[in-house]
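Next comes input-v5.cif, a file with mmCIF, C-alpha atoms.
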```
data_entry
loop_
_atom_site.label_atom_id
_atom_site.label_comp_id
_atom_site.auth_asym_id
_atom_site.auth_seq_id
_atom_site.Cartn_x
_atom_site.Cartn_y
_atom_site.Cartn_z
CA MET A 1 85.89 12.63 38.28
CA SER A 2 83.37 10.99 35.98
CA PRO A 3 82.66 7.23 35.91
CA ARG A 4 84.30 7.13 32.50
CA THR A 5 87.62 8.32 33.83
CA ALA A 6 87.66 6.59 37.24
CA ARG A 7 90.20 3.77 37.10
CA GLY A 8 91.16 1.06 39.49
CA ALA A 9 94.48 -0.71 40.00
CA GLY A 10 96.19 -1.79 36.80
CA GLY A 11 94.25 0.74 34.72
CA HIS A 12 90.98 -1.21 34.84
CA PRO A 13 87.70 0.54 35.59
CA ALA A 14 86.93 0.75 39.29
CA SER A 15 83.30 0.04 38.34
CA ALA A 16 81.51 -0.75 35.12
CA PRO A 17 78.42 1.44 34.83
CA ALA A 18 76.04 0.64 31.99
CA ALA A 19 76.26 4.22 30.72
CA ALA A 20 78.04 7.34 31.92
CA ILE A 21 76.06 10.52 32.42
CA ALA A 22 78.98 12.81 31.61
CA THR A 23 80.26 12.13 28.09
CA GLY A 24 81.94 15.46 27.36
CA ARG A 25 80.36 15.58 23.91
CA GLY A 26 78.42 18.71 24.83
CA ASP A 27 81.44 20.64 26.04
CA ASP A 28 81.52 22.47 22.73
CA GLY A 29 78.01 23.86 23.32
CA THR A 30 76.19 21.40 21.06
CA THR A 31 73.72 18.61 21.71
CA GLY A 32 72.26 15.72 19.78
CA LEU A 33 68.71 15.21 18.48
CA LEU A 34 66.46 12.20 18.87
CA PHE A 35 67.19 9.57 16.18
CA GLY A 36 70.58 11.11 15.39
CA GLY A 37 71.30 13.69 12.74
CA ASP A 38 73.53 16.72 12.98
CA ARG A 39 74.28 18.09 16.44
CA ILE A 40 72.75 21.51 17.13
CA PRO A 41 73.74 24.41 19.43
CA LYS A 42 72.38 24.24 22.95
CA ASP A 43 70.74 27.62 22.41
CA ASP A 44 68.97 26.46 19.25
CA PRO A 45 65.20 27.22 19.32
CA ARG A 46 64.51 23.48 19.37
CA THR A 47 66.73 22.98 22.41
CA GLU A 48 65.06 25.94 24.08
CA ALA A 49 61.63 24.43 23.41
CA TYR A 50 62.22 20.92 24.71
CA GLY A 51 64.38 22.29 27.53
CA THR A 52 61.39 24.33 28.64
CA ILE A 53 59.29 21.17 28.59
CA ASP A 54 61.91 19.65 30.90
CA GLU A 55 61.44 22.62 33.25
CA ALA A 56 57.69 22.03 33.27
CA VAL A 57 58.20 18.38 34.25
CA ALA A 58 60.44 19.49 37.12
CA ALA A 59 57.99 22.16 38.28
CA LEU A 60 55.22 19.57 38.36
CA GLY A 61 57.56 17.41 40.41
CA VAL A 62 57.47 20.07 43.14
CA ALA A 63 53.68 19.77 43.28
CA ARG A 64 53.84 15.97 43.35
CA ALA A 65 56.50 15.99 46.06
CA GLU A 66 54.31 18.21 48.24
CA LEU A 67 51.33 15.91 47.70
CA GLY A 68 53.48 12.90 48.60
CA ALA A 69 54.73 14.55 51.77
CA ARG A 70 51.19 15.39 52.83
CA ARG A 71 50.11 11.80 52.18
CA ARG A 72 52.95 10.32 54.24
CA LEU A 73 52.02 12.60 57.13
CA GLY A 74 48.38 11.60 56.85
CA GLU A 75 47.44 15.20 56.06
CA LEU A 76 46.28 14.84 52.46
CA PRO A 77 42.70 16.10 52.01
CA ALA A 78 40.48 13.68 50.10
CA GLY A 79 40.01 16.23 47.33
CA LEU A 80 43.74 16.29 46.63
CA ALA A 81 44.17 12.53 46.24
CA PRO A 82 43.29 12.47 42.49
CA VAL A 83 45.59 15.43 41.78
CA ASP A 84 48.69 13.34 42.48
CA GLU A 85 47.78 10.80 39.80
CA ILE A 86 46.88 13.52 37.31
CA VAL A 87 50.19 15.32 37.85
CA LEU A 88 52.20 12.13 37.31
CA ARG A 89 50.21 11.40 34.16
CA ILE A 90 50.99 14.88 32.83
CA GLN A 91 54.69 14.53 33.65
CA ARG A 92 54.86 11.31 31.66
CA GLU A 93 52.98 12.81 28.72
CA LEU A 94 55.36 15.75 28.64
CA PHE A 95 58.17 13.32 27.83
CA VAL A 96 56.23 12.60 24.62
CA VAL A 97 56.06 16.33 23.91
CA GLY A 98 59.80 16.68 24.51
CA ALA A 99 60.57 13.75 22.22
CA GLU A 100 58.57 15.27 19.37
CA LEU A 101 60.31 18.62 19.75
CA ALA A 102 63.74 16.98 19.95
CA ALA A 103 63.38 14.69 16.92
CA ASP A 104 65.69 15.05 13.94
CA PRO A 105 63.51 16.32 11.05
CA ARG A 106 64.96 13.67 8.76
CA ALA A 107 63.57 11.00 11.09
CA TRP A 108 60.05 12.34 11.62
CA ASP A 109 58.69 9.27 9.86
CA ARG A 110 59.93 7.25 12.83
CA LEU A 111 57.77 9.13 15.35
CA ARG A 112 54.90 7.19 16.91
CA ASP A 113 51.69 8.64 18.34
CA GLY A 114 51.54 8.59 22.12
CA THR A 115 55.21 7.62 22.46
CA THR A 116 57.32 10.13 20.55
CA ARG A 117 54.59 12.30 19.01
CA VAL A 118 51.58 13.96 20.63
CA SER A 119 48.37 12.26 19.57
CA ALA A 120 44.80 13.42 19.19
CA ALA A 121 43.90 11.05 22.03
CA MET A 122 46.29 12.88 24.36
CA VAL A 123 44.57 16.19 23.60
CA ALA A 124 41.14 14.61 24.07
CA GLY A 125 42.29 13.18 27.39
CA LEU A 126 43.20 16.62 28.69
CA GLU A 127 39.88 18.02 27.49
CA ALA A 128 37.99 15.29 29.34
CA LEU A 129 39.93 15.97 32.54
CA LEU A 130 39.36 19.70 32.20
CA ALA A 131 35.61 19.28 31.73
CA ASP A 132 35.35 16.89 34.68
CA ILE A 133 37.22 19.13 37.11
CA GLU A 134 35.36 22.25 35.99
CA ARG A 135 32.09 20.55 36.92
CA ARG A 136 33.35 19.83 40.43
CA ILE A 137 34.69 23.22 41.53
CA GLU A 138 33.73 26.86 41.65
CA LEU A 139 35.67 28.80 39.04
CA PRO A 140 36.73 32.40 39.77
CA ARG A 141 35.42 34.99 37.34
CA VAL A 142 38.42 37.29 37.78
CA PHE A 143 42.22 37.10 37.64
CA VAL A 144 43.67 35.53 40.78
CA VAL A 145 47.00 35.76 42.61
CA PRO A 146 48.82 32.42 43.08
CA GLY A 147 49.98 31.35 46.52
CA GLU A 148 47.03 30.22 48.61
CA THR A 149 48.55 26.75 49.14
CA ARG A 150 51.88 25.13 48.37
CA VAL A 151 50.33 22.67 45.93
CA SER A 152 48.34 25.29 44.03
CA ALA A 153 51.38 27.59 43.85
CA ALA A 154 53.50 24.78 42.37
CA LEU A 155 50.79 24.04 39.82
CA GLU A 156 50.62 27.71 38.86
CA LEU A 157 54.40 27.81 38.43
CA ALA A 158 54.20 24.76 36.16
CA ARG A 159 51.40 26.46 34.20
CA THR A 160 53.57 29.49 33.44
CA VAL A 161 56.42 27.24 32.31
CA VAL A 162 54.04 25.37 30.01
CA ARG A 163 52.91 28.69 28.52
CA ARG A 164 56.56 29.56 27.86
CA ALA A 165 57.05 26.18 26.21
CA GLU A 166 53.98 26.90 24.09
CA ARG A 167 55.49 30.21 22.94
CA ARG A 168 58.74 28.45 22.03
CA ALA A 169 56.77 25.82 20.12
CA VAL A 170 54.90 28.51 18.19
CA THR A 171 58.26 29.84 17.05
CA LEU A 172 59.19 26.36 15.83
CA GLU A 173 55.83 25.95 14.11
CA ARG A 174 56.47 29.06 12.04
CA ALA A 175 59.77 27.50 10.94
CA ASP A 176 58.06 24.18 10.09
CA LEU A 177 59.93 22.43 12.90
CA VAL A 178 56.95 20.87 14.71
CA PRO A 179 56.30 17.41 13.26
CA GLY A 180 52.66 16.83 14.21
CA PRO A 181 49.41 18.83 14.37
CA HIS A 182 48.53 18.09 17.99
CA LEU A 183 51.49 19.45 19.97
CA LEU A 184 50.36 23.08 20.12
CA PRO A 185 46.74 22.24 21.06
CA TYR A 186 48.10 19.90 23.75
CA LEU A 187 50.19 22.62 25.39
CA ASN A 188 47.32 25.10 25.18
CA ARG A 189 44.90 22.67 26.89
CA LEU A 190 47.51 21.68 29.44
CA ALA A 191 48.05 25.25 30.62
CA ASP A 192 44.27 25.62 31.05
CA LEU A 193 44.11 22.33 32.94
CA LEU A 194 46.89 23.34 35.34
CA TRP A 195 45.08 26.60 36.13
CA VAL A 196 41.91 24.67 36.93
CA LEU A 197 43.87 22.09 38.95
CA ALA A 198 45.37 24.91 41.02
CA ARG A 199 41.87 26.16 41.84
CA ALA A 200 40.80 22.60 42.71
CA ALA A 201 43.82 22.26 44.99
CA GLU A 202 42.91 25.47 46.80
CA GLN A 203 39.32 24.45 47.29
CA ALA A 204 40.33 20.97 48.49
CA GLU A 205 42.05 22.75 51.39
CA SER A 206 39.12 25.10 51.94
CA GLN A 207 41.00 28.10 50.61
CA ARG A 208 39.58 30.81 48.38
CA SER A 209 41.54 32.35 45.54
CA THR A 210 42.87 35.85 46.14
CA GLU A 211 41.65 38.26 43.52
CA ALA A 212 44.28 40.17 41.58
CA ARG A 213 42.46 43.46 42.09
CA PRO A 214 42.09 44.43 45.76
CA ALA A 215 38.59 45.08 46.97
CA GLY A 216 38.03 48.81 47.34
CA PRO A 217 35.30 50.96 48.81
CA ALA A 218 32.03 51.00 46.97
CA ARG A 219 31.91 53.54 44.23
CA ARG A 220 30.08 56.71 45.13
CA GLY A 221 27.16 57.76 43.07
CA LYS A 222 27.45 60.74 40.79
CA LYS A 223 26.51 64.07 42.29
#
```

Please rewrite the model in this file as structure tokens.
Amino acid sequence: MSPRTARGAGGHPASAPAAAIATGRGDDGTTGLLFGGDRIPKDDPRTEAYGTIDEAVAALGVARAELGARRRLGELPAGLAPVDEIVLRIQRELFVVGAELAADPRAWDRLRDGTTRVSAAMVAGLEALLADIERRIELPRVFVVPGETRVSAALELARTVVRRAERRAVTLERADLVPGPHLLPYLNRLADLLWVLARAAEQAESQRSTEARPAGPARRGKK
């Protein structure tokens, strides 16, 4: 039973929540856009795009939860301490990405940089982080297999979700349904940053990346 339908004696609400989570308005398979407008199907490309952003936020939550657990146990390597703050920052910024993707086109003039629309400063911030971390770690020169540590694996999972969100956003861009010019560059930089963060997480725990191609015997010379 939802809070909206729970009733106490005499037909009065048993409690008075500020807002009910379950409204029933989406039971017909539609959902609303930011700033109103017509409701759209839940399988609309826009819903798919910002829903994928939501998945990325959740995947990053797995990484942050692991970091938090390690910290509470006193087992967090010093090199991993900054990763927690970076992950939370990214999660918050992805809410801006989701807002831009979910905005009603007739209300795009109401979007604000850094709050409901990706800004140039947000892209520059990722680029600065990326450059800083790249200077501090050893970058593999080959494709690597995720899974050396729990944190790096969670970051890699989030990276793949971000890449899927980027593909969905490209589809919207072709249909002129991306309001600003910085959303696609942001997602592209973010996926790169998460890959580098995963390598930093591995190296903070003294783990080496596993190469995608197994090492084989040395090639024999031609006869």

Work out how far CA of Arg106 (chain A) is from CA of Arg89 (chain A), in Å to one decimal.
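Computing it gives 29.5 Å between the two atoms.
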
Item to complete: Compile the contact shell of Asp109 (chain A) as a ChimeraX atom specification: residues with an atom at most 12 Å away, counting all atoms listed in the file, same-chain residues fewer than 6 positions apart removed.
Response: /A:35,100,103,116-117,179-180

| request: For the file shown, report as a list of chain:residue names the outcome of the PyMOL selection byres ((chain A and resi 161-177) around 9) at residue level. | output: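 Applied to this file, the PyMOL selection byres ((chain A and resi 161-177) around 9) returns A:Pro45, A:Arg46, A:Glu48, A:Ala49, A:Tyr50, A:Gly51, A:Thr52, A:Ile53, A:Glu55, A:Ala56, A:Ala59, A:Leu101, A:Pro105, A:Glu156, A:Leu157, A:Ala158, A:Arg159, A:Thr160, A:Val178, A:Pro179, A:Leu183, A:Leu184, A:Leu187, A:Asn188, A:Leu190, A:Ala191.
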
- Message: Taking 4 positions as the minimum chain separation for residues in the same chain, which residues sit within 9 Å of region 140-152 of chain A when counting all atoms listed in the file? Answer as number ranges by chain.
- Response: A: 62-64, 66-67, 156-157, 195, 197-202, 205, 207-213

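Among the candidate residues A:Glu134, A:Asp192, A:Asp54, A:Asp43, the one lying nearest to Leu94 (chain A) is A:Asp54, with distances computed using all atoms listed in the file.
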
d(CA of Gln203 (chain A), CA of Ala121 (chain A)) in Å
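Calculated distance between CA of Gln203 (chain A) and CA of Ala121 (chain A) is 29.0 Å.
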
In Å and to one decimal, CA of Val57 (chain A) is distant from CA of Ile86 (chain A) by 12.7 Å

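With all atoms listed in the file as the atoms that count, the residue of A:Leu76, A:Ala107, A:Ala81, A:Val96 with the shortest distance to His182 (chain A) is A:Val96.
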
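For the file at hand, the PyMOL selection byres ((chain A and resi 42) around 7) resolves to A:Gly29, A:Thr30, A:Thr31, A:Ile40, A:Pro41, A:Asp43, A:Asp44, A:Thr47.
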
Please produce a file of those selected residues containing C-alpha atoms, as an mmCIF file, keeping the file's coordinate frame.
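Ended up saving to selection_20.cif:
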```cif
data_model
loop_
_atom_site.group_PDB
_atom_site.id
_atom_site.type_symbol
_atom_site.label_atom_id
_atom_site.label_comp_id
_atom_site.auth_asym_id
_atom_site.auth_seq_id
_atom_site.Cartn_x
_atom_site.Cartn_y
_atom_site.Cartn_z
ATOM 1 C CA GLY A 29 78.010 23.860 23.320
ATOM 2 C CA THR A 30 76.190 21.400 21.060
ATOM 3 C CA THR A 31 73.720 18.610 21.710
ATOM 4 C CA ILE A 40 72.750 21.510 17.130
ATOM 5 C CA PRO A 41 73.740 24.410 19.430
ATOM 6 C CA ASP A 43 70.740 27.620 22.410
ATOM 7 C CA ASP A 44 68.970 26.460 19.250
ATOM 8 C CA THR A 47 66.730 22.980 22.410
#
```

Mind dumping region 106-138 of chain A from that block, keeping N, CA and C atoms, as a PDB file, in the first residue's frame?
```pdb
ATOM      1  N   ARG A 106      10.744  22.776 -25.052  1.00  0.00           N
ATOM      2  CA  ARG A 106      10.134  24.100 -25.034  1.00  0.00           C
ATOM      3  C   ARG A 106      10.583  24.935 -23.842  1.00  0.00           C
ATOM      4  N   ALA A 107      11.341  24.316 -22.945  1.00  0.00           N
ATOM      5  CA  ALA A 107      11.823  25.034 -21.754  1.00  0.00           C
ATOM      6  C   ALA A 107      13.344  25.083 -21.695  1.00  0.00           C
ATOM      7  N   TRP A 108      14.010  24.847 -22.820  1.00  0.00           N
ATOM      8  CA  TRP A 108      15.473  24.868 -22.813  1.00  0.00           C
ATOM      9  C   TRP A 108      16.030  26.222 -22.392  1.00  0.00           C
ATOM     10  N   ASP A 109      15.280  27.273 -22.596  1.00  0.00           N
ATOM     11  CA  ASP A 109      15.755  28.596 -22.192  1.00  0.00           C
ATOM     12  C   ASP A 109      15.826  28.735 -20.677  1.00  0.00           C
ATOM     13  N   ARG A 110      15.254  27.793 -19.956  1.00  0.00           N
ATOM     14  CA  ARG A 110      15.278  27.835 -18.497  1.00  0.00           C
ATOM     15  C   ARG A 110      16.473  27.073 -17.917  1.00  0.00           C
ATOM     16  N   LEU A 111      17.226  26.375 -18.764  1.00  0.00           N
ATOM     17  CA  LEU A 111      18.380  25.623 -18.290  1.00  0.00           C
ATOM     18  C   LEU A 111      19.487  26.574 -17.846  1.00  0.00           C
ATOM     19  N   ARG A 112      20.225  26.161 -16.821  1.00  0.00           N
ATOM     20  CA  ARG A 112      21.302  26.979 -16.283  1.00  0.00           C
ATOM     21  C   ARG A 112      22.586  26.165 -16.215  1.00  0.00           C
ATOM     22  N   ASP A 113      23.688  26.758 -16.697  1.00  0.00           N
ATOM     23  CA  ASP A 113      24.970  26.079 -16.712  1.00  0.00           C
ATOM     24  C   ASP A 113      25.383  25.622 -15.311  1.00  0.00           C
ATOM     25  N   GLY A 114      25.830  24.376 -15.247  1.00  0.00           N
ATOM     26  CA  GLY A 114      26.327  23.835 -13.986  1.00  0.00           C
ATOM     27  C   GLY A 114      25.248  23.334 -13.054  1.00  0.00           C
ATOM     28  N   THR A 115      23.990  23.603 -13.382  1.00  0.00           N
ATOM     29  CA  THR A 115      22.874  23.150 -12.536  1.00  0.00           C
ATOM     30  C   THR A 115      21.944  22.225 -13.300  1.00  0.00           C
ATOM     31  N   THR A 116      21.506  22.671 -14.466  1.00  0.00           N
ATOM     32  CA  THR A 116      20.622  21.847 -15.301  1.00  0.00           C
ATOM     33  C   THR A 116      21.154  21.717 -16.723  1.00  0.00           C
ATOM     34  N   ARG A 117      22.349  22.235 -16.971  1.00  0.00           N
ATOM     35  CA  ARG A 117      22.984  22.103 -18.288  1.00  0.00           C
ATOM     36  C   ARG A 117      24.489  21.995 -18.084  1.00  0.00           C
ATOM     37  N   VAL A 118      25.109  21.058 -18.804  1.00  0.00           N
ATOM     38  CA  VAL A 118      26.550  20.867 -18.700  1.00  0.00           C
ATOM     39  C   VAL A 118      27.269  22.117 -19.193  1.00  0.00           C
ATOM     40  N   SER A 119      28.246  22.554 -18.443  1.00  0.00           N
ATOM     41  CA  SER A 119      28.974  23.777 -18.781  1.00  0.00           C
ATOM     42  C   SER A 119      30.368  23.462 -19.300  1.00  0.00           C
ATOM     43  N   ALA A 120      30.969  24.456 -19.923  1.00  0.00           N
ATOM     44  CA  ALA A 120      32.355  24.315 -20.376  1.00  0.00           C
ATOM     45  C   ALA A 120      33.282  24.102 -19.192  1.00  0.00           C
ATOM     46  N   ALA A 121      32.963  24.726 -18.061  1.00  0.00           N
ATOM     47  CA  ALA A 121      33.785  24.568 -16.860  1.00  0.00           C
ATOM     48  C   ALA A 121      33.770  23.127 -16.352  1.00  0.00           C
ATOM     49  N   MET A 122      32.637  22.447 -16.500  1.00  0.00           N
ATOM     50  CA  MET A 122      32.565  21.046 -16.075  1.00  0.00           C
ATOM     51  C   MET A 122      33.471  20.171 -16.932  1.00  0.00           C
ATOM     52  N   VAL A 123      33.499  20.434 -18.236  1.00  0.00           N
ATOM     53  CA  VAL A 123      34.386  19.679 -19.127  1.00  0.00           C
ATOM     54  C   VAL A 123      35.840  19.970 -18.782  1.00  0.00           C
ATOM     55  N   ALA A 124      36.156  21.235 -18.575  1.00  0.00           N
ATOM     56  CA  ALA A 124      37.525  21.622 -18.225  1.00  0.00           C
ATOM     57  C   ALA A 124      37.948  20.993 -16.907  1.00  0.00           C
ATOM     58  N   GLY A 125      37.017  20.878 -15.980  1.00  0.00           N
ATOM     59  CA  GLY A 125      37.333  20.251 -14.696  1.00  0.00           C
ATOM     60  C   GLY A 125      37.732  18.796 -14.846  1.00  0.00           C
ATOM     61  N   LEU A 126      37.022  18.074 -15.708  1.00  0.00           N
ATOM     62  CA  LEU A 126      37.383  16.677 -15.966  1.00  0.00           C
ATOM     63  C   LEU A 126      38.748  16.591 -16.642  1.00  0.00           C
ATOM     64  N   GLU A 127      39.000  17.492 -17.575  1.00  0.00           N
ATOM     65  CA  GLU A 127      40.287  17.470 -18.276  1.00  0.00           C
ATOM     66  C   GLU A 127      41.440  17.724 -17.317  1.00  0.00           C
ATOM     67  N   ALA A 128      41.236  18.622 -16.355  1.00  0.00           N
ATOM     68  CA  ALA A 128      42.279  18.904 -15.371  1.00  0.00           C
ATOM     69  C   ALA A 128      42.526  17.688 -14.481  1.00  0.00           C
ATOM     70  N   LEU A 129      41.457  17.041 -14.048  1.00  0.00           N
ATOM     71  CA  LEU A 129      41.600  15.822 -13.246  1.00  0.00           C
ATOM     72  C   LEU A 129      42.335  14.737 -14.018  1.00  0.00           C
ATOM     73  N   LEU A 130      41.941  14.569 -15.256  1.00  0.00           N
ATOM     74  CA  LEU A 130      42.539  13.535 -16.109  1.00  0.00           C
ATOM     75  C   LEU A 130      44.042  13.776 -16.258  1.00  0.00           C
ATOM     76  N   ALA A 131      44.419  14.999 -16.541  1.00  0.00           N
ATOM     77  CA  ALA A 131      45.835  15.318 -16.719  1.00  0.00           C
ATOM     78  C   ALA A 131      46.617  15.096 -15.426  1.00  0.00           C
ATOM     79  N   ASP A 132      46.030  15.466 -14.302  1.00  0.00           N
ATOM     80  CA  ASP A 132      46.709  15.315 -13.015  1.00  0.00           C
ATOM     81  C   ASP A 132      46.943  13.848 -12.670  1.00  0.00           C
ATOM     82  N   ILE A 133      45.915  13.018 -12.859  1.00  0.00           N
ATOM     83  CA  ILE A 133      46.052  11.601 -12.510  1.00  0.00           C
ATOM     84  C   ILE A 133      47.009  10.900 -13.460  1.00  0.00           C
ATOM     85  N   GLU A 134      46.961  11.260 -14.742  1.00  0.00           N
ATOM     86  CA  GLU A 134      47.863  10.639 -15.716  1.00  0.00           C
ATOM     87  C   GLU A 134      49.329  10.879 -15.361  1.00  0.00           C
ATOM     88  N   ARG A 135      49.610  12.038 -14.761  1.00  0.00           N
ATOM     89  CA  ARG A 135      50.991  12.344 -14.377  1.00  0.00           C
ATOM     90  C   ARG A 135      51.466  11.497 -13.200  1.00  0.00           C
ATOM     91  N   ARG A 136      50.510  10.970 -12.426  1.00  0.00           N
ATOM     92  CA  ARG A 136      50.853  10.301 -11.184  1.00  0.00           C
ATOM     93  C   ARG A 136      50.946   8.776 -11.293  1.00  0.00           C
ATOM     94  N   ILE A 137      50.463   8.214 -12.397  1.00  0.00           N
ATOM     95  CA  ILE A 137      50.425   6.754 -12.494  1.00  0.00           C
ATOM     96  C   ILE A 137      51.115   6.284 -13.771  1.00  0.00           C
ATOM     97  N   GLU A 138      51.322   4.988 -13.815  1.00  0.00           N
ATOM     98  CA  GLU A 138      51.867   4.360 -15.019  1.00  0.00           C
ATOM     99  C   GLU A 138      50.696   3.841 -15.850  1.00  0.00           C
TER     100      GLU A 138
END
```
